[in-house]
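Peer 1: mmCIF, C-alpha atoms, file run_29.cif:
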data_structure
loop_
_atom_site.group_PDB
_atom_site.id
_atom_site.type_symbol
_atom_site.label_atom_id
_atom_site.label_comp_id
_atom_site.auth_asym_id
_atom_site.auth_seq_id
_atom_site.Cartn_x
_atom_site.Cartn_y
_atom_site.Cartn_z
ATOM 1 C CA MET D 135 45.841 -73.158 -59.218
ATOM 2 C CA LYS D 136 43.155 -75.470 -60.610
ATOM 3 C CA LYS D 137 43.892 -77.999 -57.871
ATOM 4 C CA ILE D 138 43.496 -75.323 -55.204
ATOM 5 C CA ILE D 139 40.179 -74.211 -56.662
ATOM 6 C CA LEU D 140 39.022 -77.832 -56.871
ATOM 7 C CA MET D 141 39.987 -78.485 -53.252
ATOM 8 C CA ALA D 142 38.166 -75.323 -52.138
ATOM 9 C CA CYS D 143 35.032 -76.455 -53.993
ATOM 10 C CA LEU D 144 35.215 -79.874 -52.342
ATOM 11 C CA VAL D 145 35.561 -78.308 -48.908
ATOM 12 C CA LEU D 146 32.579 -76.034 -49.548
ATOM 13 C CA ALA D 147 30.528 -78.939 -50.864
ATOM 14 C CA SER D 148 31.402 -80.993 -47.785
ATOM 15 C CA ALA D 149 30.454 -78.131 -45.461
ATOM 16 C CA SER D 150 27.184 -77.677 -47.338
ATOM 17 C CA ALA D 151 26.388 -81.378 -47.023
ATOM 18 C CA MET D 152 27.033 -81.254 -43.269
ATOM 19 C CA ALA D 153 24.762 -78.200 -42.966
ATOM 20 C CA GLN D 154 21.962 -80.156 -44.606
ATOM 21 C CA GLU D 155 22.073 -82.794 -41.857
ATOM 22 C CA VAL D 156 19.710 -80.740 -39.696
ATOM 23 C CA LYS D 157 16.037 -81.451 -40.388
ATOM 24 C CA LYS D 158 13.298 -79.125 -39.162
ATOM 25 C CA LEU D 159 10.176 -80.928 -37.973
ATOM 26 C CA PRO D 160 6.661 -79.534 -38.462
ATOM 27 C CA GLU D 161 5.053 -77.753 -35.525
ATOM 28 C CA PRO D 162 3.434 -80.528 -33.474
ATOM 29 C CA ASN D 163 -0.343 -80.697 -33.484
ATOM 30 C CA LYS D 164 -1.257 -80.666 -29.785
ATOM 31 C CA LYS D 165 -5.010 -81.031 -30.289
ATOM 32 C CA VAL D 166 -5.378 -84.792 -29.893
ATOM 33 C CA LYS D 167 -8.879 -86.150 -29.289
ATOM 34 C CA MET D 168 -7.979 -88.911 -26.826
ATOM 35 C CA THR D 169 -8.109 -87.821 -23.182
ATOM 36 C CA LEU D 170 -5.422 -88.642 -20.643
ATOM 37 C CA PHE D 171 -7.667 -91.153 -18.886
ATOM 38 C CA GLU D 172 -8.557 -92.834 -22.167
ATOM 39 C CA ALA D 173 -4.843 -93.188 -22.906
ATOM 40 C CA LEU D 174 -4.261 -94.657 -19.446
ATOM 41 C CA GLN D 175 -7.145 -97.073 -19.951
ATOM 42 C CA GLN D 176 -5.706 -98.276 -23.269
ATOM 43 C CA ARG D 177 -1.975 -98.233 -22.420
ATOM 44 C CA LYS D 178 -0.258 -101.540 -23.144
ATOM 45 C CA SER D 179 3.113 -102.914 -24.250
ATOM 46 C CA VAL D 180 3.197 -104.035 -27.894
ATOM 47 C CA ARG D 181 5.972 -106.079 -29.514
ATOM 48 C CA THR D 182 4.783 -106.469 -33.114
ATOM 49 C CA TYR D 183 4.706 -103.596 -35.615
ATOM 50 C CA SER D 184 3.623 -103.021 -39.195
ATOM 51 C CA ASP D 185 6.011 -101.803 -41.921
ATOM 52 C CA LYS D 186 4.200 -98.466 -42.212
ATOM 53 C CA ASP D 187 6.519 -95.491 -41.747
ATOM 54 C CA ILE D 188 5.860 -92.836 -39.121
ATOM 55 C CA ASP D 189 5.474 -89.438 -40.799
ATOM 56 C CA ASP D 190 7.190 -86.261 -39.606
ATOM 57 C CA MET D 191 4.055 -84.834 -37.974
ATOM 58 C CA LYS D 192 3.516 -87.937 -35.840
ATOM 59 C CA LEU D 193 7.221 -87.950 -34.967
ATOM 60 C CA SER D 194 7.087 -84.263 -34.036
ATOM 61 C CA GLN D 195 4.070 -84.874 -31.787
ATOM 62 C CA LEU D 196 5.773 -87.846 -30.175
ATOM 63 C CA LEU D 197 9.067 -86.064 -29.491
ATOM 64 C CA TRP D 198 7.323 -82.981 -28.137
ATOM 65 C CA ALA D 199 5.348 -85.195 -25.748
ATOM 66 C CA ALA D 200 8.583 -86.909 -24.670
ATOM 67 C CA VAL D 201 10.877 -83.944 -23.975
ATOM 68 C CA GLY D 202 9.364 -80.933 -25.721
ATOM 69 C CA ILE D 203 9.215 -77.376 -24.402
ATOM 70 C CA ASN D 204 5.773 -76.485 -23.045
ATOM 71 C CA ARG D 205 6.440 -73.166 -21.271
ATOM 72 C CA ALA D 206 7.979 -69.832 -22.194
ATOM 73 C CA ASP D 207 10.773 -70.319 -19.652
ATOM 74 C CA GLY D 208 12.078 -73.376 -21.548
ATOM 75 C CA ARG D 209 10.838 -76.050 -19.157
ATOM 76 C CA LEU D 210 9.766 -79.400 -20.502
ATOM 77 C CA THR D 211 6.760 -81.696 -20.819
ATOM 78 C CA SER D 212 8.590 -84.217 -18.590
ATOM 79 C CA PRO D 213 9.823 -83.370 -15.074
ATOM 80 C CA THR D 214 13.516 -83.660 -14.221
ATOM 81 C CA ALA D 215 15.426 -83.612 -10.942
ATOM 82 C CA ILE D 216 16.530 -80.061 -10.043
ATOM 83 C CA ASN D 217 15.353 -79.084 -13.557
ATOM 84 C CA ALA D 218 18.587 -80.590 -14.855
ATOM 85 C CA GLN D 219 17.003 -81.493 -18.209
ATOM 86 C CA ASP D 220 19.524 -84.304 -18.419
ATOM 87 C CA ILE D 221 17.554 -86.509 -20.836
ATOM 88 C CA THR D 222 18.147 -86.314 -24.573
ATOM 89 C CA VAL D 223 16.307 -88.427 -27.128
ATOM 90 C CA TYR D 224 17.866 -90.004 -30.207
ATOM 91 C CA VAL D 225 15.760 -91.222 -33.127
ATOM 92 C CA CYS D 226 17.141 -94.389 -34.725
ATOM 93 C CA ARG D 227 15.742 -95.447 -38.089
ATOM 94 C CA LYS D 228 16.899 -96.887 -41.406
ATOM 95 C CA ASP D 229 18.316 -93.571 -42.644
ATOM 96 C CA GLY D 230 20.546 -93.160 -39.593
ATOM 97 C CA ALA D 231 20.421 -91.793 -36.055
ATOM 98 C CA TRP D 232 19.201 -88.306 -35.201
ATOM 99 C CA LEU D 233 19.368 -86.139 -32.077
ATOM 100 C CA TYR D 234 16.150 -84.311 -31.169
ATOM 101 C CA ASN D 235 16.613 -80.615 -30.410
ATOM 102 C CA ALA D 236 13.648 -79.384 -28.377
ATOM 103 C CA LYS D 237 14.466 -75.667 -28.652
ATOM 104 C CA ASP D 238 13.881 -75.510 -32.391
ATOM 105 C CA ASN D 239 11.981 -78.794 -32.847
ATOM 106 C CA SER D 240 14.556 -80.273 -35.202
ATOM 107 C CA LEU D 241 16.642 -83.387 -35.784
ATOM 108 C CA THR D 242 20.414 -83.358 -36.178
ATOM 109 C CA LYS D 243 21.989 -86.381 -37.820
ATOM 110 C CA VAL D 244 24.709 -88.012 -35.726
ATOM 111 C CA SER D 245 25.223 -91.273 -37.636
ATOM 112 C CA ASP D 246 24.476 -92.710 -41.081
ATOM 113 C CA LYS D 247 24.118 -96.183 -39.578
ATOM 114 C CA ASP D 248 20.848 -97.955 -38.868
ATOM 115 C CA LEU D 249 21.212 -98.486 -35.105
ATOM 116 C CA ARG D 250 17.848 -100.130 -34.490
ATOM 117 C CA GLN D 251 19.520 -103.543 -34.174
ATOM 118 C CA ALA D 252 21.988 -102.200 -31.614
ATOM 119 C CA ALA D 253 19.042 -100.847 -29.633
ATOM 120 C CA ALA D 254 17.194 -104.153 -30.039
ATOM 121 C CA SER D 255 20.152 -106.282 -28.935
ATOM 122 C CA ARG D 256 18.923 -109.839 -28.293
ATOM 123 C CA GLN D 257 15.235 -109.035 -28.802
ATOM 124 C CA ALA D 258 14.886 -109.132 -32.578
ATOM 125 C CA PHE D 259 11.278 -107.896 -32.628
ATOM 126 C CA SER D 260 12.445 -104.454 -31.557
ATOM 127 C CA ALA D 261 14.587 -103.895 -34.665
ATOM 128 C CA LYS D 262 11.513 -104.353 -36.886
ATOM 129 C CA ALA D 263 9.876 -101.157 -35.650
ATOM 130 C CA PRO D 264 10.215 -98.179 -38.053
ATOM 131 C CA ILE D 265 11.860 -96.082 -35.351
ATOM 132 C CA THR D 266 13.493 -96.607 -31.988
ATOM 133 C CA LEU D 267 13.840 -93.759 -29.504
ATOM 134 C CA VAL D 268 16.917 -94.014 -27.273
ATOM 135 C CA LEU D 269 16.750 -92.097 -23.984
ATOM 136 C CA VAL D 270 20.132 -90.825 -22.803
ATOM 137 C CA SER D 271 20.927 -89.252 -19.428
ATOM 138 C CA ASP D 272 23.883 -86.928 -18.831
ATOM 139 C CA ASN D 273 25.260 -87.387 -15.308
ATOM 140 C CA ALA D 274 27.232 -84.149 -15.643
ATOM 141 C CA LYS D 275 23.960 -82.215 -15.387
ATOM 142 C CA LEU D 276 22.943 -83.923 -12.145
ATOM 143 C CA ARG D 277 24.508 -82.674 -8.925
ATOM 144 C CA GLY D 278 24.706 -85.606 -6.534
ATOM 145 C CA LYS D 279 26.064 -85.955 -3.030
ATOM 146 C CA ASN D 280 27.535 -89.339 -3.855
ATOM 147 C CA ASN D 281 28.560 -91.340 -6.929
ATOM 148 C CA ASP D 282 25.279 -93.261 -7.175
ATOM 149 C CA GLU D 283 22.865 -90.346 -6.959
ATOM 150 C CA PRO D 284 23.290 -88.921 -10.495
ATOM 151 C CA THR D 285 22.716 -92.381 -12.002
ATOM 152 C CA LEU D 286 19.591 -92.906 -9.899
ATOM 153 C CA LEU D 287 18.223 -89.469 -10.763
ATOM 154 C CA GLY D 288 18.946 -90.063 -14.442
ATOM 155 C CA ALA D 289 17.044 -93.358 -14.365
ATOM 156 C CA MET D 290 14.142 -91.614 -12.663
ATOM 157 C CA ASP D 291 14.089 -88.823 -15.261
ATOM 158 C CA ALA D 292 14.232 -91.349 -18.100
ATOM 159 C CA GLY D 293 11.212 -93.064 -16.538
ATOM 160 C CA TYR D 294 9.186 -89.853 -16.744
ATOM 161 C CA VAL D 295 10.049 -89.462 -20.433
ATOM 162 C CA SER D 296 9.272 -93.119 -21.062
ATOM 163 C CA GLN D 297 5.787 -92.753 -19.568
ATOM 164 C CA ASN D 298 5.146 -89.682 -21.734
ATOM 165 C CA ILE D 299 6.123 -91.729 -24.795
ATOM 166 C CA ASP D 300 3.832 -94.581 -23.748
ATOM 167 C CA LEU D 301 0.809 -92.319 -23.359
ATOM 168 C CA ALA D 302 1.541 -90.293 -26.491
ATOM 169 C CA CYS D 303 1.739 -93.493 -28.526
ATOM 170 C CA GLU D 304 -1.702 -94.531 -27.316
ATOM 171 C CA ALA D 305 -3.146 -91.113 -28.155
ATOM 172 C CA LEU D 306 -1.565 -91.135 -31.634
ATOM 173 C CA GLY D 307 -2.544 -94.696 -32.543
ATOM 174 C CA LEU D 308 1.033 -95.988 -32.289
ATOM 175 C CA ALA D 309 2.473 -99.013 -30.482
ATOM 176 C CA THR D 310 5.530 -99.277 -28.261
ATOM 177 C CA VAL D 311 7.169 -101.023 -25.333
ATOM 178 C CA PRO D 312 9.739 -99.499 -22.923
ATOM 179 C CA ARG D 313 12.988 -101.480 -22.832
ATOM 180 C CA ALA D 314 16.304 -101.398 -20.985
ATOM 181 C CA THR D 315 18.042 -104.123 -23.042
ATOM 182 C CA MET D 316 20.406 -102.686 -25.690
ATOM 183 C CA GLU D 317 24.028 -102.708 -26.802
ATOM 184 C CA LYS D 318 25.030 -99.719 -24.702
ATOM 185 C CA ASP D 319 28.700 -99.638 -25.689
ATOM 186 C CA THR D 320 27.839 -99.670 -29.387
ATOM 187 C CA LEU D 321 25.241 -96.946 -28.973
ATOM 188 C CA LYS D 322 27.614 -94.836 -26.881
ATOM 189 C CA LYS D 323 30.176 -94.981 -29.683
ATOM 190 C CA GLU D 324 27.867 -94.557 -32.675
ATOM 191 C CA LEU D 325 25.744 -91.810 -31.099
ATOM 192 C CA LYS D 326 28.982 -90.026 -30.144
ATOM 193 C CA LEU D 327 27.986 -89.718 -26.503
ATOM 194 C CA ALA D 328 30.196 -88.005 -23.943
ATOM 195 C CA GLU D 329 31.762 -90.033 -21.146
ATOM 196 C CA THR D 330 29.110 -88.741 -18.743
ATOM 197 C CA GLN D 331 26.219 -89.711 -21.036
ATOM 198 C CA ASN D 332 24.550 -93.107 -20.751
ATOM 199 C CA ALA D 333 21.742 -94.794 -22.677
ATOM 200 C CA VAL D 334 19.100 -95.705 -20.093
ATOM 201 C CA LEU D 335 15.954 -96.841 -21.939
ATOM 202 C CA ASN D 336 14.693 -97.289 -25.470
ATOM 203 C CA HIS D 337 11.313 -97.446 -27.192
ATOM 204 C CA PRO D 338 10.712 -99.281 -30.477
ATOM 205 C CA ILE D 339 7.728 -97.518 -32.064
ATOM 206 C CA GLY D 340 5.454 -98.317 -34.977
ATOM 207 C CA TYR D 341 1.859 -98.869 -35.955
ATOM 208 C CA PRO D 342 0.276 -101.980 -34.416
ATOM 209 C CA LYS D 343 0.334 -104.970 -36.735
#
In structure tokens, write the structure found in this file.

Peer 2:
Amino acid sequence: MKKIILMACLVLASASAMAQEVKKLPEPNKKVKMTLFEALQQRKSVRTYSDKDIDDMKLSQLLWAAVGINRADGRLTSPTAINAQDITVYVCRKDGAWLYNAKDNSLTKVSDKDLRQAAASRQAFSAKAPITLVLVSDNAKLRGKNNDEPTLLGAMDAGYVSQNIDLACEALGLATVPRATMEKDTLKKELKLAETQNAVLNHPIGYPK
């Protein structure tokens, strides 16, 4: 009987631990002083970053700018082909990898591993950034007339999100560079992506050094 009770407690503890793997982000502050044209004037690719962590408010602002909801009907800050909303963003940092959920502005942990090196691949500078955002497209959400069209549309949609990230970083005093190089097979496995999901781009992000 004691063993049964102990096992039940362990199961409940495990379930509780899993429930705690969802992290609510603060409501993003959308009143940023820099104008769009100032951000465009200052936009640049940066490949060196300081060790300073990015706090949850900055991260919330950044993710909302990337693929956040900006209208009551659930549409996003970034355009997508046929409103497929095929792009999801994963946050890779030293405490693991997290999936951004736009509907409730939260992060769900998908891996305990630090996947920044997998996203960096051969370019070591990228792994030194406090966070790396991985942009993933789901071909299943894109209705194409031929086999190539969903992939092309997904790349296009990822480009829109990437530009939003670039401009948001400038407005928030952060540094980044859009990249396509990464260990895609490793990320597909560790991020637990579906067969139809593919990592398209990534952004190492930090404060300029």

Peer 1: Please list as number ranges by chain every residue within 9 Å of Ile221 in chain D, counting only C-alpha atoms and excluding residues in the same chain fewer than 3 positions away.

Peer 2: D: 201, 214, 218, 269-272, 288, 291-292, 295

Peer 1: So what does the PyMOL selection byres ((chain D and resi 163) around 10) actually pick up in this one, as a tab-separated table (two decimals) with C-alpha atoms, in the coordinates of the input?

Peer 2:
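To be explicit, this is the file written out as selection.tsv:
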chain	number	residue	atom	x	y	z
D	160	PRO	CA	6.66	-79.53	-38.46
D	161	GLU	CA	5.05	-77.75	-35.52
D	162	PRO	CA	3.43	-80.53	-33.47
D	164	LYS	CA	-1.26	-80.67	-29.78
D	165	LYS	CA	-5.01	-81.03	-30.29
D	166	VAL	CA	-5.38	-84.79	-29.89
D	191	MET	CA	4.06	-84.83	-37.97
D	192	LYS	CA	3.52	-87.94	-35.84
D	194	SER	CA	7.09	-84.26	-34.04
D	195	GLN	CA	4.07	-84.87	-31.79
D	196	LEU	CA	5.77	-87.85	-30.18
D	198	TRP	CA	7.32	-82.98	-28.14

Peer 1: To one decimal place in Å, what is the distance between CA of Tyr294 in chain D and CA of Ser212 in chain D?

Peer 2: 6.0 Å

Peer 1: Tell me which of D:Asp246, D:Glu304, D:Glu317, D:Asp190 sits closest to Val268 in chain D, counting only C-alpha atoms.

Peer 2: D:Glu317

Peer 1: Just to confirm, what's the straight-line distance from CA of Leu325 in chain D to CA of Leu210 in chain D in Å (one decimal)?

Peer 2: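 One can read the CA of Leu325 in chain D to CA of Leu210 in chain D distance as 22.8 Å.
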
Peer 1: Report, in Å with one decimal, the straight-line distance from CA of Arg313 in chain D to CA of Asn273 in chain D.

Peer 2: 20.1 Å

Peer 1: Got a sec to resolve the PyMOL selection byres ((chain D and resi 171-188) around 8) on this structure and send the residues as a list in words?

Peer 2: Met168, Thr169, Leu170, Asp189, Asp190, Lys192, Leu193, Phe259, Ser260, Lys262, Ala263, Pro264, Ile265, Asp300, Leu301, Ala302, Glu304, Ala305, Ala309, Thr310, Val311, Pro312, Ile339, Gly340, Tyr341, Pro342 and Lys343 of chain D

Peer 1: For this file, the PyMOL selection byres ((chain D and resi 157) around 7) selects which residues, as a list in words?

Peer 2: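 Taken over the shown coordinates, the PyMOL selection byres ((chain D and resi 157) around 7) returns Glu155, Val156, Lys158, Leu159, Ser240, Leu241 and Thr242 of chain D.
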
Peer 1: For Lys323 in chain D, list every protein, DNA or RNA residue within 12 Å, evaluated using all atoms listed in the file, and leave out those in the same chain fewer than 2 positions away; present the list as a PyMOL selection string.

Peer 2: chain D and resi 244-245+247+249+252+317-321+325-329+331-333

Peer 1: Taking into account all atoms listed in the file, which residue in the set D:Val223, D:Leu267, D:Ala236, D:Ile203 is nearest to Pro338 in chain D?

Peer 2: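 Between D:Val223, D:Leu267, D:Ala236, D:Ile203, the residue approaching Pro338 in chain D most closely is D:Leu267.
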
Peer 1: Looking at all atoms listed in the file, which of D:Ser255, D:Gln219, D:Cys303, D:Cys226 is the one that sits closest to Leu287 in chain D?

Peer 2: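 Looking only at the distances to Leu287 in chain D, the closest residue turns out to be D:Gln219.
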
Peer 1: If you take every atom of range 199-206 of chain D that the file lists and fit an axis-aligned box around them with 4 Å extra on each side, what centre and edge lengths come out in Å to one decimal, as AutoDock Vina command-line options?

Peer 2:
--center_x 8.1 --center_y -78.4 --center_z -23.5 --size_x 13.5 --size_y 25.1 --size_z 12.5

Peer 1: Env of Met290 in chain D: 10 Å cut, atoms = all atoms listed in the file, seq-sep filter 6 positions within chain, self excluded. Answer as a list of chain:residue names.

Peer 2: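 Once the adjacent positions are removed, what remains is D:Pro213, D:Thr214, D:Ala215, D:Ser271, D:Pro284, D:Ser296, D:Val334.
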